[in-house]
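I have placed the structure first, in the form of structure tokens, so that the comments after it can refer back to it.
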Amino acid sequence: MSSNRRPDSDSPQLASRRSFIQTAGLAAGAIGAGGIVPAFANDTPAKSPSETLVKTFHDSLSEEQRRLMCFAFDHKLRFDVDNNWHITKARVKDFTRDQQAMIKEIFMGLHSEEYAQRVYDQVQSDSGRAGFEGGSSVALFGEPGTGKFQFVLTGRHCTRRCDGDSVEGASFGGPIFYGHAAGGFREGPKHEGNAYWYQAERANEVYQMLDGKQRGIALLGESRGENGLETVTLTGRKKGLDGIRVGDLSHDQKDHVRKVLADLMAPFRQRDAEEAMRHVEAGGIDNLHLAFYKDENIGDDEVWDVWQLEGPNMISYFRGKPHVHAWLHIREPA
């Protein structure tokens, strides 16, 4: 892929892109990290800026670029997720400047206004000297504007998807990953500067609300560990999952679990968070199980670094040792 090739400044694609970016803002605002999931507005646009810009980006690609990063919609590569990987050899830095700007705008638009810059800074930092442009790669499955499609961006501590609901019943377009090594590879027990540690702090507030018997059920030894897509494979089970069943919690404890869910959704744009919460509710909040893992605790401080929420159609696995890795997969109930 040539990084020197520049589309003509008067091309329809560039004119469309510039007009678009001038008139479109980021996606609708975030879910507040400090509260229960609010009611969402009923006038969410049918198409978001990111999906529209994916079409413009696709139209700008040269044949050489398409050979590197365009695939059939059902290609097996689309289903992958991991904590540190490149989906193709098409790094962001290898595209033209205008294409790089579109990729960044697509990525930013997948996140809430509150968190978009923080998430971008996390990817930039975790990519080291390569930065966002050198540390991220992209792929495009299907063809925007003619049928189903999905744009995927991956790198260290990042898997994001943009598909305009082409993947029916899948929140966020499928399993995603986010993470952060804010203080080096091995973070301290307080995870200073970590973009996502607030989620674990909220989950630990629920643990503090549990009585002795409940803690005996919720607190286990070692967690599932990480193994690519298998890490977030959904079981469909309502019973026999790790930890304590949310349906067995008191009213105030259950309300605090809803705050954990709000924190999980907070980094992402409103339309995706709204869809994810609909699917979680449809699967039953009571069917979720909350677990903490004592054998993976940093600093022996009983602030549990590794925890998860799992239900028949959801898994959120948060591994905070040695630094934060967070896996998330939510689907419409079968």
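The chains in the structure tokens are called A, B, ... from first to last as shown; in each chain the residues are counted from 1, and the ligands are counted from 1 in the order shown.
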
task = Within 9 Å of Glu275 in chain A, counting only C-alpha atoms, which residues show up once you throw out same-chain ones fewer than 2 positions away? Write them as number ranges by chain, please.
result = A: 169-172, 270-273, 277-280

So that I can check the surroundings of Glu133 in chain A, please list as a PyMOL selection string every protein, DNA and RNA residue that reaches within 7 Å of it, counting only C-alpha atoms and ignoring chain neighbours fewer than 2 positions away.
chain A and resi 91-93+130-131+135-136

Write to file, as a PDB file, in the first residue's frame, the residues of the selection just made, with C-alpha atoms.
ATOM      1  CA  ARG A  91      -1.714  -0.138   9.407  1.00  0.00           C
ATOM      2  CA  VAL A  92      -3.382   3.228   9.741  1.00  0.00           C
ATOM      3  CA  LYS A  93      -0.092   4.990   8.978  1.00  0.00           C
ATOM      4  CA  ALA A 130       4.188   3.715  16.919  1.00  0.00           C
ATOM      5  CA  GLY A 131       1.193   5.648  18.229  1.00  0.00           C
ATOM      6  CA  GLY A 135      -0.017   0.560  16.209  1.00  0.00           C
ATOM      7  CA  SER A 136      -3.492   0.050  14.753  1.00  0.00           C
TER       8      SER A 136
END

Tell me, as JSON, numbers by chain, which residues lie within 10 Å of range 234-237 of chain A, counting only C-alpha atoms; anything in the same chain fewer than 5 positions away does not count.
{"A": [283, 287, 288, 310, 311, 312, 313, 314, 315, 329, 330, 331, 333, 334]}

What are the nearest atom pairs, with distances in Å to one decimal, for all residues of range 109-132 of chain A that come at most 12 Å from range 193-204 of chain A, using only C-alpha atoms, set out by chain and rising residue number as CSV?
residue,atom,partner,partner_atom,distance
A:Glu114,CA,A:Ala195,CA,12.0
A:Tyr115,CA,A:Ala195,CA,9.0
A:Ala116,CA,A:Ala195,CA,11.0
A:Gln117,CA,A:Ala195,CA,10.6
A:Arg118,CA,A:Ala195,CA,6.8
A:Val119,CA,A:Ala195,CA,7.2
A:Tyr120,CA,A:Ala195,CA,10.3
A:Asp121,CA,A:Ala195,CA,9.1
A:Gln122,CA,A:Ala195,CA,6.9
A:Val123,CA,A:Ala195,CA,10.2
A:Ser125,CA,A:Ala195,CA,11.0
A:Asp126,CA,A:Asn194,CA,11.1

With N, CA and C atoms kept, could you save the residues just selected as a compact mmCIF listing (two decimals), in the first residue's frame?
# COMPACT_ATOMS: atom_id res chain seq x y z
N GLU A 114 -17.88 11.86 26.37
CA GLU A 114 -17.14 11.91 27.63
C GLU A 114 -15.85 11.12 27.57
N TYR A 115 -15.85 9.99 26.86
CA TYR A 115 -14.71 9.07 26.91
C TYR A 115 -13.89 8.99 25.63
N ALA A 116 -14.35 9.56 24.53
CA ALA A 116 -13.67 9.36 23.24
C ALA A 116 -12.20 9.75 23.30
N GLN A 117 -11.89 10.93 23.82
CA GLN A 117 -10.50 11.36 23.85
C GLN A 117 -9.68 10.49 24.80
N ARG A 118 -10.27 10.12 25.92
CA ARG A 118 -9.57 9.27 26.88
C ARG A 118 -9.24 7.92 26.27
N VAL A 119 -10.19 7.35 25.51
CA VAL A 119 -9.95 6.07 24.87
C VAL A 119 -8.89 6.20 23.78
N TYR A 120 -8.95 7.26 22.99
CA TYR A 120 -7.93 7.49 21.97
C TYR A 120 -6.55 7.62 22.61
N ASP A 121 -6.46 8.38 23.69
CA ASP A 121 -5.18 8.56 24.37
C ASP A 121 -4.65 7.22 24.90
N GLN A 122 -5.57 6.37 25.37
CA GLN A 122 -5.16 5.04 25.85
C GLN A 122 -4.54 4.23 24.72
N VAL A 123 -5.20 4.20 23.56
CA VAL A 123 -4.66 3.45 22.42
C VAL A 123 -3.33 4.05 21.97
N SER A 125 -1.16 5.68 23.80
CA SER A 125 -0.13 5.37 24.79
C SER A 125 0.29 3.90 24.72
N ASP A 126 -0.69 3.00 24.65
CA ASP A 126 -0.37 1.57 24.64
C ASP A 126 0.31 1.13 23.36

From the list A:Ile285, A:Asn84, A:Gly188, A:Leu68, which residue is nearest Asp301 in chain A when using only C-alpha atoms?
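Going through A:Ile285, A:Asn84, A:Gly188, A:Leu68 one by one, the smallest distance to Asp301 in chain A is for A:Gly188.
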
- Picked from range 59-170 of chain A by DSSP as helix (DSSP H, G or I), as a PyMOL selection string: chain A and resi 59-60+63-69+76-79+92-94+97-109+116-126+128-135

Store the residues of this selection in a file with C-alpha atoms, as a short mmCIF file (atom, residue, chain, number, x, y, z; two decimals), in the first residue's frame.
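Wrote it out as again-v6.cif, contents follow:
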data_model
loop_
_atom_site.label_atom_id
_atom_site.label_comp_id
_atom_site.auth_asym_id
_atom_site.auth_seq_id
_atom_site.Cartn_x
_atom_site.Cartn_y
_atom_site.Cartn_z
CA ASP A 59 -15.05 4.62 -1.76
CA SER A 60 -11.65 6.30 -1.38
CA GLU A 63 -7.34 -1.41 -5.64
CA GLU A 64 -4.04 -2.08 -3.87
CA GLN A 65 -5.52 -0.99 -0.55
CA ARG A 66 -8.61 -3.14 -1.06
CA ARG A 67 -6.50 -6.23 -1.68
CA LEU A 68 -4.85 -5.75 1.71
CA MET A 69 -7.85 -5.06 3.91
CA LYS A 76 -13.69 -16.01 9.32
CA LEU A 77 -11.30 -13.21 10.25
CA ARG A 78 -14.24 -10.99 11.16
CA PHE A 79 -15.13 -13.21 14.12
CA VAL A 92 -3.38 3.23 9.74
CA LYS A 93 -0.09 4.99 8.98
CA ASP A 94 0.04 3.37 5.54
CA ARG A 97 -3.52 11.58 5.32
CA ASP A 98 -7.18 12.06 4.51
CA GLN A 99 -7.88 8.35 4.92
CA GLN A 100 -6.06 8.39 8.26
CA ALA A 101 -8.27 11.27 9.36
CA MET A 102 -11.36 9.29 8.38
CA ILE A 103 -10.19 6.21 10.30
CA LYS A 104 -9.61 8.29 13.42
CA GLU A 105 -13.02 9.95 13.04
CA ILE A 106 -14.69 6.54 12.68
CA PHE A 107 -12.94 5.34 15.82
CA MET A 108 -13.76 8.45 17.85
CA GLY A 109 -17.39 8.30 16.77
CA ALA A 116 -13.67 9.36 23.24
CA GLN A 117 -10.50 11.36 23.85
CA ARG A 118 -9.57 9.27 26.88
CA VAL A 119 -9.95 6.07 24.87
CA TYR A 120 -7.93 7.49 21.97
CA ASP A 121 -5.18 8.56 24.37
CA GLN A 122 -5.16 5.04 25.85
CA VAL A 123 -4.66 3.45 22.42
CA GLN A 124 -2.03 6.05 21.56
CA SER A 125 -0.13 5.37 24.79
CA ASP A 126 -0.37 1.57 24.64
CA GLY A 128 4.22 3.05 22.26
CA ARG A 129 6.33 4.97 19.79
CA ALA A 130 4.19 3.72 16.92
CA GLY A 131 1.19 5.65 18.23
CA PHE A 132 -2.38 5.18 17.08
CA GLU A 133 -1.41 5.32 13.40
CA GLY A 134 1.46 2.84 13.58
CA GLY A 135 -0.02 0.56 16.21
#

task: Identify, on the basis of only C-alpha atoms, every residue whose closest approach to Gln253 in chain A does not exceed 8 Å; exclude the query and any residue fewer than 3 positions from it along the same chain; express the result as a PyMOL selection string.
output: chain A and resi 206+209-210+249-250+256-257

Spatial neighbours of Trp307 in chain A, max dist 8 Å, only C-alpha atoms, sep filter under 3 positions, as a PyMOL selection string
chain A and resi 200+203+223+290-293+304+317-319

With C-alpha atoms retained, could you export that selection as a short mmCIF file (atom, residue, chain, number, x, y, z; two decimals), in the first residue's frame?
data_model
loop_
_atom_site.label_atom_id
_atom_site.label_comp_id
_atom_site.auth_asym_id
_atom_site.auth_seq_id
_atom_site.Cartn_x
_atom_site.Cartn_y
_atom_site.Cartn_z
CA ALA A 200 -13.42 -2.33 38.84
CA ALA A 203 -17.73 -3.62 40.96
CA SER A 223 -10.49 -16.79 36.86
CA LEU A 290 -21.01 -11.62 39.63
CA ALA A 291 -17.68 -13.20 40.60
CA PHE A 292 -14.38 -11.97 42.09
CA TYR A 293 -11.08 -13.87 42.09
CA TRP A 304 -10.31 -7.45 43.68
CA TYR A 317 -14.42 -10.39 31.97
CA PHE A 318 -12.20 -7.78 33.64
CA ARG A 319 -8.63 -8.93 34.32
#

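Atom pair CA of Glu51 in chain A / CA of Cys70 in chain A has a distance of 16.0 Å (rounded to one decimal).
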
Q: Using DSSP on the backbone coordinates, identify the residues of range 84-257 of chain A assigned to strand (DSSP E); present them as a ChimeraX atom specification.
A: /A:136-142,149-155,158-162,176-180,219-220,244-245

Take the residues just selected and output them with C-alpha atoms as a short mmCIF file (atom, residue, chain, number, x, y, z; two decimals), in the first residue's frame.
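Written out: part36.cif:
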data_model
loop_
_atom_site.label_atom_id
_atom_site.label_comp_id
_atom_site.auth_asym_id
_atom_site.auth_seq_id
_atom_site.Cartn_x
_atom_site.Cartn_y
_atom_site.Cartn_z
CA SER A 136 -3.49 0.05 14.75
CA SER A 137 -4.61 -1.96 11.74
CA VAL A 138 -7.95 -2.10 9.94
CA ALA A 139 -10.11 -4.44 7.89
CA LEU A 140 -13.39 -4.03 6.04
CA PHE A 141 -15.82 -6.90 5.52
CA GLY A 142 -18.57 -6.60 2.93
CA PHE A 149 -20.53 -4.60 6.18
CA GLN A 150 -18.23 -4.29 9.17
CA PHE A 151 -15.20 -2.07 9.72
CA VAL A 152 -12.78 -3.42 12.36
CA LEU A 153 -9.84 -1.64 14.01
CA THR A 154 -7.40 -3.59 16.18
CA GLY A 155 -4.11 -3.15 17.99
CA CYS A 158 -8.13 -2.61 21.24
CA THR A 159 -10.74 -4.35 19.12
CA ARG A 160 -13.56 -2.11 17.84
CA ARG A 161 -16.28 -2.74 15.27
CA CYS A 162 -18.52 -0.48 13.19
CA ILE A 176 -14.77 -6.37 21.67
CA PHE A 177 -11.69 -5.79 23.79
CA TYR A 178 -10.30 -2.79 25.62
CA GLY A 179 -7.50 -2.42 28.14
CA HIS A 180 -4.72 -0.19 29.43
CA LEU A 219 -15.34 -14.84 45.89
CA LEU A 220 -13.53 -17.62 44.04
CA ILE A 244 -23.39 -15.05 42.98
CA ARG A 245 -26.64 -14.77 41.03
#

Between CA of Leu110 in chain A and CA of Thr146 in chain A lies a distance of 21.6 Å

**Message:** Please determine, counting only C-alpha atoms, which residue among A:Ala218, A:Leu328, A:Leu53, A:Ile87 has the shortest atom-to-atom distance to Lys294 in chain A.
**Reply:**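 Checking each of A:Ala218, A:Leu328, A:Leu53, A:Ile87 against Lys294 in chain A, counting only C-alpha atoms, the winner is A:Ala218.
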
Judged by only C-alpha atoms, the minimum distance to Asp74 in chain A among A:Ser112, A:Thr88, A:Ser166, A:Thr56 is found for A:Ser166

Out of A:Gly228, A:Asp165, A:Glu205, A:Gly221, which residue has the shortest atom-to-atom distance to Arg258 in chain A when counting only C-alpha atoms?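 Counting only C-alpha atoms, the residue closest to Arg258 in chain A is A:Glu205.
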
note - CA of Asp295 in chain A and CA of Gly243 in chain A are separated by 14.5 Å
